[in-house]
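This is my_file.cif (mmCIF, C-alpha atoms).
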```cif
data_final
#
loop_
_atom_site.label_atom_id
_atom_site.label_comp_id
_atom_site.auth_asym_id
_atom_site.auth_seq_id
_atom_site.Cartn_x
_atom_site.Cartn_y
_atom_site.Cartn_z
CA MET T 4 83.50 69.64 113.09
CA ASN T 5 83.44 66.50 111.02
CA VAL T 6 85.83 65.56 108.20
CA LYS T 7 83.38 66.63 105.49
CA ASN T 8 83.10 70.14 106.94
CA LEU T 9 86.86 70.36 107.37
CA LEU T 10 87.49 69.39 103.74
CA LEU T 11 84.79 71.78 102.57
CA GLY T 12 86.47 74.57 104.55
CA ILE T 13 89.84 73.79 102.97
CA VAL T 14 88.33 73.76 99.47
CA ILE T 15 86.59 77.09 100.15
CA SER T 16 89.90 78.59 101.32
CA VAL T 17 91.78 77.42 98.20
CA ILE T 18 89.09 78.71 95.82
CA PHE T 19 88.89 81.97 97.80
CA VAL T 20 92.62 82.60 97.37
CA MET T 21 92.57 81.72 93.67
CA PHE T 22 89.49 83.89 93.08
CA PHE T 23 90.99 86.97 94.72
CA VAL T 24 94.52 86.52 93.33
CA TYR T 25 93.29 86.19 89.75
CA GLY T 26 90.58 88.80 90.27
CA THR T 27 93.18 91.27 91.53
CA LYS T 28 95.48 90.53 88.60
CA LEU T 29 92.55 90.98 86.24
CA VAL T 30 91.81 94.53 87.41
CA TYR T 31 95.32 95.56 88.51
CA GLU T 32 97.99 94.60 86.00
CA GLU T 33 101.49 93.71 87.15
CA PRO T 34 104.35 95.68 85.52
CA LYS T 35 106.29 93.71 82.93
CA TYR T 36 110.06 94.01 82.53
CA ASP T 37 109.75 94.20 78.73
CA ASP T 38 107.63 97.34 79.05
CA TYR T 39 110.58 99.10 80.68
CA CYS T 40 113.67 97.52 79.14
CA ASP T 41 114.21 96.74 75.48
CA GLU T 42 115.96 93.39 75.33
CA SER T 43 116.16 93.40 71.53
CA TYR T 44 119.40 95.34 71.72
CA TYR T 45 121.70 95.20 68.67
CA TYR T 46 125.06 93.47 69.12
CA PRO T 47 127.15 93.70 65.95
CA GLU T 48 129.43 91.00 64.74
CA LYS T 49 133.06 91.94 65.34
CA VAL T 50 135.09 92.35 62.19
CA SER T 51 138.33 93.00 63.96
CA VAL T 52 139.65 90.60 66.55
CA ASN T 53 141.73 93.31 68.17
CA CYS T 54 139.01 95.28 69.96
CA SER T 55 140.18 96.71 73.22
CA MET T 56 138.02 98.95 75.33
CA SER T 57 139.58 102.27 76.31
CA LEU T 58 140.24 102.96 79.98
CA GLU T 59 137.74 105.80 79.86
CA LEU T 60 135.04 103.51 78.45
CA GLN T 61 135.87 100.85 81.07
CA LYS T 62 135.43 103.49 83.80
CA GLU T 63 132.08 104.57 82.31
CA MET T 64 130.99 100.93 82.24
CA ARG T 65 131.95 100.38 85.90
CA ASP T 66 130.21 103.62 86.91
CA CYS T 67 127.09 102.52 85.06
CA TYR T 68 127.06 99.12 86.80
CA ASN T 69 127.73 100.78 90.18
CA GLN T 70 124.66 102.97 89.61
CA ARG T 71 122.70 99.77 88.82
CA GLY T 72 122.31 100.70 85.18
CA ILE T 73 122.78 98.68 82.01
CA PRO T 74 125.54 99.87 79.65
CA ARG T 75 124.30 100.26 76.05
CA TYR T 76 127.18 100.49 73.62
CA GLU T 77 127.63 102.23 70.31
CA TYR T 78 129.90 100.37 67.92
CA ASP T 79 132.33 101.51 65.26
CA GLU T 80 132.58 100.05 61.76
CA ASN T 81 134.76 97.17 63.09
CA GLY T 82 132.15 96.15 65.66
CA CYS T 83 134.17 97.48 68.59
CA GLU T 84 132.64 99.45 71.46
CA LYS T 85 133.32 103.16 70.95
CA SER T 86 130.95 104.77 73.48
CA LEU T 87 128.11 103.91 75.83
CA THR T 88 125.02 105.29 77.43
CA CYS T 89 123.81 104.07 80.80
CA ASP T 90 120.25 102.74 80.66
CA PHE T 91 118.36 102.87 83.96
CA CYS T 92 115.30 101.00 82.69
CA SER T 93 115.73 98.24 85.27
CA LEU T 94 115.56 100.82 88.08
CA GLU T 95 112.36 102.22 86.58
CA TYR T 96 110.93 98.70 86.41
CA GLU T 97 112.01 98.00 90.00
CA GLU T 98 110.27 101.19 91.20
CA ALA T 99 107.08 100.29 89.31
CA ASN T 100 107.23 96.75 90.73
CA LYS T 101 107.73 98.13 94.24
CA ASN T 102 104.65 100.36 93.90
CA TYR T 103 102.64 97.47 92.47
CA SER T 104 103.71 95.20 95.33
CA LYS T 105 102.82 97.84 97.92
CA ASN T 106 99.36 98.37 96.43
CA LEU T 107 98.78 94.60 96.15
CA PHE T 108 99.80 94.25 99.78
CA LEU T 109 97.33 96.95 100.86
CA ILE T 110 94.54 95.42 98.75
CA SER T 111 95.13 91.93 100.17
CA LEU T 112 95.39 93.24 103.73
CA ILE T 113 92.14 95.21 103.52
CA ILE T 114 90.19 92.42 101.80
CA GLY T 115 91.65 89.77 104.11
CA ILE T 116 90.87 91.62 107.33
CA LEU T 117 87.35 92.51 106.15
CA VAL T 118 86.55 88.92 105.16
CA ILE T 119 88.00 87.51 108.40
CA SER T 120 85.94 90.00 110.41
CA VAL T 121 82.74 89.23 108.50
CA SER T 122 83.41 85.49 108.82
CA VAL T 123 83.87 85.68 112.57
CA ILE T 124 80.99 88.06 113.28
CA PHE T 125 78.26 87.13 110.80
CA ILE T 126 78.79 83.66 109.30
CA LYS T 127 77.65 80.88 111.63
CA VAL T 128 78.36 77.87 109.37
CA SER T 129 81.77 76.69 110.58
CA ALA T 130 82.91 75.18 107.25
CA VAL T 131 82.18 78.44 105.42
CA SER T 132 83.57 80.80 108.06
CA GLY T 133 86.65 78.64 108.62
CA GLY T 134 87.30 78.36 104.89
CA LEU T 135 86.92 82.10 104.34
CA MET T 136 89.19 82.89 107.29
CA LEU T 137 91.88 80.48 106.09
CA GLY T 138 91.58 81.77 102.52
CA SER T 139 91.83 85.35 103.77
CA LEU T 140 94.94 84.47 105.72
CA PHE T 141 96.54 82.95 102.59
CA PHE T 142 95.53 86.02 100.54
CA ILE T 143 97.13 88.33 103.12
CA ILE T 144 100.28 86.17 103.03
CA PHE T 145 100.27 86.36 99.22
CA GLY T 146 100.10 90.17 99.27
CA THR T 147 102.62 90.51 102.07
CA ALA T 148 105.16 88.16 100.48
CA GLY T 149 105.42 90.32 97.36
CA TYR T 150 106.06 93.50 99.31
CA TRP T 151 108.10 92.03 102.17
CA GLU T 152 111.49 92.67 100.53
CA PHE T 153 110.70 96.38 100.09
CA MET T 154 109.45 96.97 103.65
CA GLU T 155 111.49 98.57 106.37
CA ASP T 156 111.96 96.46 109.51
CA VAL T 157 109.83 98.87 111.57
CA LEU T 158 106.93 98.52 109.12
CA ARG T 159 107.27 94.72 109.22
CA PHE T 160 107.15 94.81 113.01
CA VAL T 161 104.10 97.11 113.09
CA ILE T 162 102.20 95.05 110.51
CA LEU T 163 102.87 91.78 112.29
CA GLY T 164 101.90 93.37 115.61
CA LEU T 165 98.63 94.70 114.19
CA ALA T 166 97.82 91.35 112.59
CA LEU T 167 98.51 89.58 115.87
CA PHE T 168 96.34 92.05 117.80
CA ILE T 169 93.42 91.75 115.34
CA LEU T 170 93.57 87.95 115.31
CA ILE T 171 93.68 87.73 119.11
CA TRP T 172 90.77 90.18 119.38
CA LEU T 173 88.76 88.16 116.84
CA ALA T 174 89.51 84.94 118.72
CA TYR T 175 88.28 86.48 122.00
CA TYR T 176 85.20 87.84 120.26
CA LEU T 177 84.43 84.45 118.74
CA ALA T 178 84.99 82.62 122.04
CA LYS T 179 82.78 85.08 123.92
CA ASN T 180 79.94 84.78 121.41
CA GLU T 181 80.22 80.99 121.16
CA ASN T 182 79.73 80.80 124.93
CA LYS T 183 76.57 82.91 124.60
CA ILE T 184 75.27 80.70 121.77
CA PHE T 185 76.11 77.54 123.71
CA SER T 186 74.32 78.89 126.84
CA LYS T 187 71.20 79.70 124.77
CA LYS T 188 71.14 76.16 123.30
CA ILE T 189 71.30 74.61 126.79
CA LYS T 190 68.48 76.88 128.05
CA ASN T 191 66.34 75.98 125.03
CA LYS T 192 66.87 72.25 125.64
CA LYS T 193 65.87 72.61 129.31
CA LYS T 194 62.71 74.53 128.34
CA ARG T 195 61.68 71.78 125.91
CA LYS T 196 61.84 69.12 128.63
#
```
Rendering of file as structure tokens:
Amino acid sequence: MNVKNLLLGIVISVIFVMFFVYGTKLVYEEPKYDDYCDESYYYPEKVSVNCSMSLELQKEMRDCYNQRGIPRYEYDENGCEKSLTCDFCSLEYEEANKNYSKNLFLISLIIGILVISVSVIFIKVSAVSGGLMLGSLFFIIFGTAGYWEFMEDVLRFVILGLALFILIWLAYYLAKNENKIFSKKIKNKKKRK
């Protein structure tokens, strides 16, 4: 493979990743924090400098934080905290983001494996097949990176094992078929002489 083909393969891989990342985001929208949590929360100006939070309210606040919520206060006429409600919007956003990441991971894995398989089996131009395989690998990494923090260790192990198995199988398949192609080329050259 010459330098021109190598560079063409790299360019194909970069454009492949960009195409599928933006294409996926175009049809499958990522959850936004602002859709779950209202950050335009009202904080009154304190009229009295002597605002002290009751022990009961302090306990409610700690309980809310321990449950990973956001305390939302109600204020009295002096601007002092008088009560609170615990807002779990960030947990709802986190759950939506986890589901989005899982689905994006599955999409990238399926597309990546399909394109790698097609590239190895059907595409004979090395710059194109190499570029598509590298781009597919980067797309799989993109999808996996977003979901990695939510995965259990067993799932991580299984996914990496499957990826390793598929890549080794594809490498053997490619090597086996390249030997057949190389043998045919030598036979054709001998026949021409």
One residue among T:Phe125, T:Val131, T:Tyr103, T:Tyr31 is nearest to Thr147 in chain T when using only C-alpha atoms, and that residue is T:Tyr103
For the file shown, report as a compact mmCIF listing (two decimals) with C-alpha atoms, in the coordinates of the input the outcome of the PyMOL selection byres ((chain T and resi 93-97) around 9) at residue level.
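Result written to expr-v9.txt:
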```
# COMPACT_ATOMS: atom_id res chain seq x y z
CA PRO T 34 104.35 95.68 85.52
CA LYS T 35 106.29 93.71 82.93
CA TYR T 36 110.06 94.01 82.53
CA ASP T 37 109.75 94.20 78.73
CA ASP T 38 107.63 97.34 79.05
CA TYR T 39 110.58 99.10 80.68
CA CYS T 40 113.67 97.52 79.14
CA ARG T 71 122.70 99.77 88.82
CA GLY T 72 122.31 100.70 85.18
CA ILE T 73 122.78 98.68 82.01
CA ASP T 90 120.25 102.74 80.66
CA PHE T 91 118.36 102.87 83.96
CA CYS T 92 115.30 101.00 82.69
CA GLU T 98 110.27 101.19 91.20
CA ALA T 99 107.08 100.29 89.31
CA ASN T 100 107.23 96.75 90.73
CA LYS T 101 107.73 98.13 94.24
CA ASN T 102 104.65 100.36 93.90
```
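Nearest to Leu58 in chain T of all the residues T:Val14, T:Trp172, T:Gly133, T:Ser86 is T:Ser86, based on only C-alpha atoms.
Residue nearest Tyr175 in chain T within the list T:Ala148, T:Leu112, T:Val157, T:Val123: T:Val123 [criterion: smallest interatomic distance, all atoms listed in the file].
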Mind checking which residues fall within 9 Å of Met56 in chain T, counting only C-alpha atoms, ignoring those fewer than 3 positions away in the same chain, and posting them as a count of residues only?
6
Could you jot down the CA of Cys67 in chain T to CA of Asn53 in chain T separation for me, Å, one decimal place?
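Atom-to-atom, CA of Cys67 in chain T and CA of Asn53 in chain T are spaced 24.2 Å apart.
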Within 12 Å of Phe145 in chain T, counting all atoms listed in the file, which residues show up once you throw out same-chain ones fewer than 3 positions away? Write them as a PDB file with C-alpha atoms, keeping the file's coordinate frame, please.
```pdb
ATOM      1  CA  VAL T  20      92.620  82.600  97.370  1.00  0.00           C
ATOM      2  CA  MET T  21      92.570  81.720  93.670  1.00  0.00           C
ATOM      3  CA  PHE T  23      90.990  86.970  94.720  1.00  0.00           C
ATOM      4  CA  VAL T  24      94.520  86.520  93.330  1.00  0.00           C
ATOM      5  CA  TYR T  25      93.290  86.190  89.750  1.00  0.00           C
ATOM      6  CA  THR T  27      93.180  91.270  91.530  1.00  0.00           C
ATOM      7  CA  SER T 104     103.710  95.200  95.330  1.00  0.00           C
ATOM      8  CA  LYS T 105     102.820  97.840  97.920  1.00  0.00           C
ATOM      9  CA  LEU T 107      98.780  94.600  96.150  1.00  0.00           C
ATOM     10  CA  PHE T 108      99.800  94.250  99.780  1.00  0.00           C
ATOM     11  CA  LEU T 109      97.330  96.950 100.860  1.00  0.00           C
ATOM     12  CA  ILE T 110      94.540  95.420  98.750  1.00  0.00           C
ATOM     13  CA  SER T 111      95.130  91.930 100.170  1.00  0.00           C
ATOM     14  CA  LEU T 112      95.390  93.240 103.730  1.00  0.00           C
ATOM     15  CA  GLY T 115      91.650  89.770 104.110  1.00  0.00           C
ATOM     16  CA  GLY T 138      91.580  81.770 102.520  1.00  0.00           C
ATOM     17  CA  SER T 139      91.830  85.350 103.770  1.00  0.00           C
ATOM     18  CA  LEU T 140      94.940  84.470 105.720  1.00  0.00           C
ATOM     19  CA  PHE T 141      96.540  82.950 102.590  1.00  0.00           C
ATOM     20  CA  PHE T 142      95.530  86.020 100.540  1.00  0.00           C
ATOM     21  CA  ALA T 148     105.160  88.160 100.480  1.00  0.00           C
ATOM     22  CA  GLY T 149     105.420  90.320  97.360  1.00  0.00           C
ATOM     23  CA  TYR T 150     106.060  93.500  99.310  1.00  0.00           C
ATOM     24  CA  TRP T 151     108.100  92.030 102.170  1.00  0.00           C
TER      25      TRP T 151
END
```
Considering all atoms listed in the file, state which residue in the set T:Ala178, T:Leu170, T:Leu135, T:Ala130 is at the smallest distance from Val6 in chain T.
T:Ala130
Coordinates of box centre and edge lengths for range 76-85 of chain T, 3 Å on every side, axis-aligned, as AutoDock Vina command-line options:
```
--center_x 131.0 --center_y 99.7 --center_z 67.7 --size_x 13.6 --size_y 13.0 --size_z 17.9
```
Quick one, how far is CA of Leu29 in chain T from CA of Glu152 in chain T?
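Distance reported for this atom pair: 23.8 Å.
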Would you compute the distance between CA of Gly82 in chain T and CA of Met64 in chain T? Give it in Å to one decimal.
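A separation of 17.3 Å between them.
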Find, counting all atoms listed in the file, the residue in T:Ile116, T:Leu87, T:Ile162, T:Leu137 that gets nearest to Ile15 in chain T.
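For Ile15 in chain T, the nearest of the given residues is T:Leu137.
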Pull the neighbourhood of (86.4, 83.2, 116.4) for me: all residues within 10 Å in file coordinates, counting all atoms listed in the file, as a compact mmCIF listing (two decimals) with C-alpha atoms, keeping the file's coordinate frame.
```
# COMPACT_ATOMS: atom_id res chain seq x y z
CA ILE T 119 88.00 87.51 108.40
CA SER T 120 85.94 90.00 110.41
CA SER T 122 83.41 85.49 108.82
CA VAL T 123 83.87 85.68 112.57
CA ILE T 124 80.99 88.06 113.28
CA SER T 129 81.77 76.69 110.58
CA SER T 132 83.57 80.80 108.06
CA GLY T 133 86.65 78.64 108.62
CA MET T 136 89.19 82.89 107.29
CA LEU T 170 93.57 87.95 115.31
CA ILE T 171 93.68 87.73 119.11
CA TRP T 172 90.77 90.18 119.38
CA LEU T 173 88.76 88.16 116.84
CA ALA T 174 89.51 84.94 118.72
CA TYR T 175 88.28 86.48 122.00
CA TYR T 176 85.20 87.84 120.26
CA LEU T 177 84.43 84.45 118.74
CA ALA T 178 84.99 82.62 122.04
CA LYS T 179 82.78 85.08 123.92
CA ASN T 180 79.94 84.78 121.41
CA GLU T 181 80.22 80.99 121.16
```
Some atoms are missing, so please complete range 118-135 of chain T with N, CA and C atoms and return it as a JSON list (two decimals), in the coordinates of the input.
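result-v9.json was written with the following content:
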```json
[["chain", "number", "residue", "atom", "x", "y", "z"],
["T", 118, "VAL", "N", 87.18, 90.23, 105.28],
["T", 118, "VAL", "CA", 86.55, 88.92, 105.16],
["T", 118, "VAL", "C", 86.69, 88.12, 106.45],
["T", 119, "ILE", "N", 87.84, 88.20, 107.10],
["T", 119, "ILE", "CA", 88.00, 87.51, 108.40],
["T", 119, "ILE", "C", 87.01, 88.07, 109.41],
["T", 120, "SER", "N", 86.88, 89.39, 109.46],
["T", 120, "SER", "CA", 85.94, 90.00, 110.41],
["T", 120, "SER", "C", 84.50, 89.58, 110.12],
["T", 121, "VAL", "N", 84.10, 89.63, 108.87],
["T", 121, "VAL", "CA", 82.74, 89.23, 108.50],
["T", 121, "VAL", "C", 82.52, 87.75, 108.82],
["T", 122, "SER", "N", 83.53, 86.93, 108.55],
["T", 122, "SER", "CA", 83.41, 85.49, 108.82],
["T", 122, "SER", "C", 83.22, 85.21, 110.30],
["T", 123, "VAL", "N", 83.96, 85.91, 111.13],
["T", 123, "VAL", "CA", 83.87, 85.68, 112.57],
["T", 123, "VAL", "C", 82.55, 86.21, 113.14],
["T", 124, "ILE", "N", 82.14, 87.39, 112.68],
["T", 124, "ILE", "CA", 80.99, 88.06, 113.28],
["T", 124, "ILE", "C", 79.66, 87.56, 112.72],
["T", 125, "PHE", "N", 79.57, 87.36, 111.42],
["T", 125, "PHE", "CA", 78.26, 87.13, 110.80],
["T", 125, "PHE", "C", 78.00, 85.71, 110.30],
["T", 126, "ILE", "N", 79.02, 84.97, 109.92],
["T", 126, "ILE", "CA", 78.79, 83.66, 109.30],
["T", 126, "ILE", "C", 78.86, 82.58, 110.37],
["T", 127, "LYS", "N", 77.77, 81.87, 110.54],
["T", 127, "LYS", "CA", 77.65, 80.88, 111.63],
["T", 127, "LYS", "C", 77.96, 79.46, 111.17],
["T", 128, "VAL", "N", 78.04, 79.21, 109.87],
["T", 128, "VAL", "CA", 78.36, 77.87, 109.37],
["T", 128, "VAL", "C", 79.87, 77.70, 109.44],
["T", 129, "SER", "N", 80.33, 76.79, 110.28],
["T", 129, "SER", "CA", 81.77, 76.69, 110.58],
["T", 129, "SER", "C", 82.61, 76.36, 109.35],
["T", 130, "ALA", "N", 82.13, 75.51, 108.45],
["T", 130, "ALA", "CA", 82.91, 75.18, 107.25],
["T", 130, "ALA", "C", 83.12, 76.42, 106.38],
["T", 131, "VAL", "N", 82.09, 77.23, 106.25],
["T", 131, "VAL", "CA", 82.18, 78.44, 105.42],
["T", 131, "VAL", "C", 83.05, 79.48, 106.11],
["T", 132, "SER", "N", 82.79, 79.77, 107.37],
["T", 132, "SER", "CA", 83.57, 80.80, 108.06],
["T", 132, "SER", "C", 85.03, 80.39, 108.19],
["T", 133, "GLY", "N", 85.27, 79.12, 108.52],
["T", 133, "GLY", "CA", 86.65, 78.64, 108.62],
["T", 133, "GLY", "C", 87.38, 78.70, 107.28],
["T", 134, "GLY", "N", 86.69, 78.31, 106.22],
["T", 134, "GLY", "CA", 87.30, 78.36, 104.89],
["T", 134, "GLY", "C", 87.61, 79.77, 104.45],
["T", 135, "LEU", "N", 86.68, 80.70, 104.70],
["T", 135, "LEU", "CA", 86.92, 82.10, 104.34],
["T", 135, "LEU", "C", 88.05, 82.71, 105.17]]
```
